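Please read the structure below before turning to the comments.
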Amino acid sequence: MLIRQEKAKDQEEIHNLITEAFATADHADGNEQDLVAALRKGNAFIPELSLVAEIDGVIAGHILFTKAKVGEDEVIVLAPLSVKPKYQRQGVGTALIIEGHKIAKRLGYQYALVLGSELYYPRVGYMPAEQFGIIVPEGFPAENFMAIKLQESADAISGAVIYAKEFGI
């Protein structure tokens, strides 16, 4: 498996992958692929943190981290993580998260947030965001709103999350 930054020529394949990955997801609104397209055009986009996993020349997975704020502190948000159904449960998503975290650390980000499965994301170190003093956005289940400290020396953060406008939150 090769994990690399997405290229412009990958965008159609990524769009199709996201559509396919979320077609049968428990918690999906069907617009995840459009969210990614909108985020690419926005101020929160970080090109180095839009990654694909290739297996035998086929894009098997995609992950996107974008900028957000907790109070006055800049953080990143993981959304979405997409893996083609035929490659799910084979470590593709975990590999994308781990590589994304490595790159985010190098770029100086101190925290990453995610709204996702309370069974999946703790396996890669995510904990309830409330434990960091991050206010759970209204309407989000607390157990599904998680954070991870990316830097050992990260300053404490607290406050409400301000997502990129493309999220509509």
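Residue numbers start at 1 in each chain; chains themselves are named A, B, ... in the order of the structure tokens; ligands are numbered from 1 in the order shown.
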**OP:** Would you return as a list in words the members of segment 60-153 of chain A that DSSP assigns to helix (DSSP H, G or I) on this structure's backbone?
**Re:** Pro85, Lys86, Tyr87, Val92, Gly93, Thr94, Ala95, Leu96, Ile97, Ile98, Glu99, Gly100, His101, Lys102, Ile103, Ala104, Lys105, Arg106, Tyr121, Pro122, Arg123, Val124, Ala129, Glu130, Gln131, Phe132, Ala142, Glu143 and Asn144 of chain A
Writer output for current selection, N, CA, C and O atoms, as a CSV table (one decimal), in the first residue's frame:
chain,number,residue,atom,x,y,z
A,85,PRO,N,-15.4,-0.3,-0.1
A,85,PRO,CA,-15.9,-1.4,0.6
A,85,PRO,C,-15.1,-2.7,0.5
A,85,PRO,O,-14.8,-3.4,1.5
A,86,LYS,N,-14.5,-3.0,-0.7
A,86,LYS,CA,-13.7,-4.2,-0.9
A,86,LYS,C,-12.4,-4.2,-0.1
A,86,LYS,O,-11.8,-5.2,0.1
A,87,TYR,N,-12.0,-3.0,0.3
A,87,TYR,CA,-10.7,-2.8,1.1
A,87,TYR,C,-11.0,-2.6,2.6
A,87,TYR,O,-10.0,-2.4,3.3
A,92,VAL,N,-6.6,-0.2,5.9
A,92,VAL,CA,-6.4,1.0,5.0
A,92,VAL,C,-6.7,2.3,5.8
A,92,VAL,O,-5.9,3.2,5.8
A,93,GLY,N,-7.8,2.3,6.4
A,93,GLY,CA,-8.3,3.5,7.2
A,93,GLY,C,-7.3,3.8,8.3
A,93,GLY,O,-6.9,5.0,8.5
A,94,THR,N,-6.9,2.8,9.0
A,94,THR,CA,-5.9,3.1,10.1
A,94,THR,C,-4.6,3.6,9.6
A,94,THR,O,-4.0,4.5,10.2
A,95,ALA,N,-4.1,3.0,8.5
A,95,ALA,CA,-2.9,3.5,7.9
A,95,ALA,C,-3.0,5.0,7.4
A,95,ALA,O,-2.0,5.8,7.6
A,96,LEU,N,-4.1,5.3,6.9
A,96,LEU,CA,-4.3,6.7,6.5
A,96,LEU,C,-4.3,7.7,7.7
A,96,LEU,O,-3.8,8.8,7.6
A,97,ILE,N,-5.0,7.3,8.8
A,97,ILE,CA,-5.0,8.1,10.0
A,97,ILE,C,-3.6,8.3,10.5
A,97,ILE,O,-3.2,9.4,10.8
A,98,ILE,N,-2.9,7.2,10.7
A,98,ILE,CA,-1.6,7.3,11.2
A,98,ILE,C,-0.6,8.2,10.4
A,98,ILE,O,0.1,9.0,10.9
A,99,GLU,N,-0.7,8.0,9.1
A,99,GLU,CA,0.1,8.8,8.2
A,99,GLU,C,-0.3,10.3,8.3
A,99,GLU,O,0.5,11.2,8.3
A,100,GLY,N,-1.6,10.5,8.3
A,100,GLY,CA,-2.1,11.9,8.5
A,100,GLY,C,-1.6,12.5,9.7
A,100,GLY,O,-1.2,13.7,9.8
A,101,HIS,N,-1.6,11.8,10.8
A,101,HIS,CA,-1.2,12.3,12.1
A,101,HIS,C,0.3,12.7,12.0
A,101,HIS,O,0.8,13.7,12.6
A,102,LYS,N,1.1,11.8,11.4
A,102,LYS,CA,2.6,12.1,11.3
A,102,LYS,C,2.8,13.4,10.5
A,102,LYS,O,3.6,14.2,10.9
A,103,ILE,N,2.1,13.6,9.4
A,103,ILE,CA,2.3,14.8,8.6
A,103,ILE,C,1.8,16.0,9.4
A,103,ILE,O,2.4,17.0,9.4
A,104,ALA,N,0.6,15.8,10.1
A,104,ALA,CA,0.1,17.0,10.9
A,104,ALA,C,1.1,17.4,12.0
A,104,ALA,O,1.3,18.6,12.3
A,105,LYS,N,1.7,16.4,12.6
A,105,LYS,CA,2.7,16.7,13.6
A,105,LYS,C,3.9,17.5,13.0
A,105,LYS,O,4.3,18.5,13.6
A,106,ARG,N,4.3,17.1,11.9
A,106,ARG,CA,5.4,17.8,11.2
A,106,ARG,C,5.0,19.2,10.8
A,106,ARG,O,5.9,20.1,10.8
A,121,TYR,N,-12.3,4.9,16.3
A,121,TYR,CA,-11.3,5.9,16.5
A,121,TYR,C,-10.4,5.8,17.8
A,121,TYR,O,-9.3,6.1,17.7
A,122,PRO,N,-11.0,5.3,18.9
A,122,PRO,CA,-10.1,5.1,20.1
A,122,PRO,C,-8.9,4.1,19.8
A,122,PRO,O,-7.9,4.2,20.4
A,123,ARG,N,-9.0,3.2,18.8
A,123,ARG,CA,-8.0,2.3,18.4
A,123,ARG,C,-6.7,3.1,17.9
A,123,ARG,O,-5.6,2.5,18.0
A,124,VAL,N,-6.9,4.3,17.5
A,124,VAL,CA,-5.7,5.1,17.0
A,124,VAL,C,-5.5,6.3,18.0
A,124,VAL,O,-4.8,7.2,17.6
A,129,ALA,N,-13.6,14.2,23.4
A,129,ALA,CA,-13.1,15.6,23.4
A,129,ALA,C,-13.3,16.3,24.7
A,129,ALA,O,-12.5,17.2,25.0
A,130,GLU,N,-14.4,16.0,25.4
A,130,GLU,CA,-14.7,16.7,26.7
A,130,GLU,C,-13.5,16.5,27.6
A,130,GLU,O,-13.3,17.4,28.5
A,131,GLN,N,-12.7,15.4,27.5
A,131,GLN,CA,-11.6,15.2,28.4
A,131,GLN,C,-10.5,16.3,28.2
A,131,GLN,O,-9.7,16.4,29.1
A,132,PHE,N,-10.5,16.9,27.1
A,132,PHE,CA,-9.5,18.0,26.8
A,132,PHE,C,-10.1,19.4,27.1
A,132,PHE,O,-9.4,20.4,26.9
A,142,ALA,N,-21.9,13.0,22.6
A,142,ALA,CA,-20.5,13.2,23.3
A,142,ALA,C,-19.6,12.1,23.0
A,142,ALA,O,-18.4,12.3,22.8
A,143,GLU,N,-20.1,10.8,23.0
A,143,GLU,CA,-19.2,9.7,22.8
A,143,GLU,C,-18.6,9.6,21.4
A,143,GLU,O,-17.7,8.9,21.2
A,144,ASN,N,-19.2,10.3,20.5
A,144,ASN,CA,-18.8,10.2,19.1
A,144,ASN,C,-17.9,11.4,18.7
A,144,ASN,O,-17.4,11.5,17.6
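Residue neighbourhood of Lys69 of chain A, excluding near-sequence residues (fewer than 2 positions): Gly71, Glu72, Asp73, Glu74, Val75, Val161, Ile162 and Tyr163 of chain A, at 7 Å, using only C-alpha atoms.
Within segment 2-63 of chain A, the backbone-based DSSP assignment of strand (DSSP E or B) covers Leu2, Ile3, Arg4, Gln5, Phe45, Ile46, Pro47, Glu48, Leu49, Ser50, Leu51, Val52, Ala53, Glu54, Ile55, Val58, Ile59, Ala60, Gly61, His62 and Ile63 of chain A.
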**OP:** Between atom CA of Glu6 of chain A and atom CA of Leu107 of chain A, measure the distance and give it in Å to one decimal.
**Re:** 17.0 Å
Original post:
Any idea what's packed within 8 Å of Gln5 of chain A, counting only C-alpha atoms, ignoring anything in its chain fewer than 6 positions away? Could you give it as a list in words?
Top reply: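 Neighbouring residues, sequence-local ones excluded: Pro47, Glu48, Leu49, Ser50, Leu51 and Val52 of chain A.
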File dump, residues just selected, C-alpha atoms, as a PDB file, in the first residue's frame:
ATOM      1  CA  PRO A  47      -3.187  20.069   0.645  1.00  0.00           C
ATOM      2  CA  GLU A  48      -0.593  17.995   2.545  1.00  0.00           C
ATOM      3  CA  LEU A  49      -3.419  16.448   4.603  1.00  0.00           C
ATOM      4  CA  SER A  50      -5.589  15.228   1.743  1.00  0.00           C
ATOM      5  CA  LEU A  51      -4.199  11.727   1.352  1.00  0.00           C
ATOM      6  CA  VAL A  52      -4.965   8.631  -0.673  1.00  0.00           C
TER       7      VAL A  52
END
**OP:** Considering only C-alpha atoms, return as a ChimeraX atom specification whatever protein or nucleic-acid residues lie within 9 Å of Ser82 of chain A, sequence-local ones (same chain, fewer than 4 positions apart) excluded.
**Re:** /A:14,17-22,60-63,93
Original post:
Can you list, as a list of chain:residue names, every protein, DNA or RNA residue that comes within 9 Å of Pro137 of chain A when you count only C-alpha atoms, leaving out same-chain residues fewer than 6 positions away?
Top reply: A:Phe145, A:Ala160, A:Val161, A:Ile169
**OP:** Return the single residue from A:Gly57, A:Lys67, A:Glu152, A:Ala147 that is closest to Lys165 of chain A, with distances computed using only C-alpha atoms.
**Re:**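 Under the stated criterion, the closest residue is A:Lys67.
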Original post:
Which residue, A:Ala156, A:Val136, A:Ile46, A:Val77, has the smallest gap to Ala112 of chain A when you use only C-alpha atoms?
Top reply: A:Val77
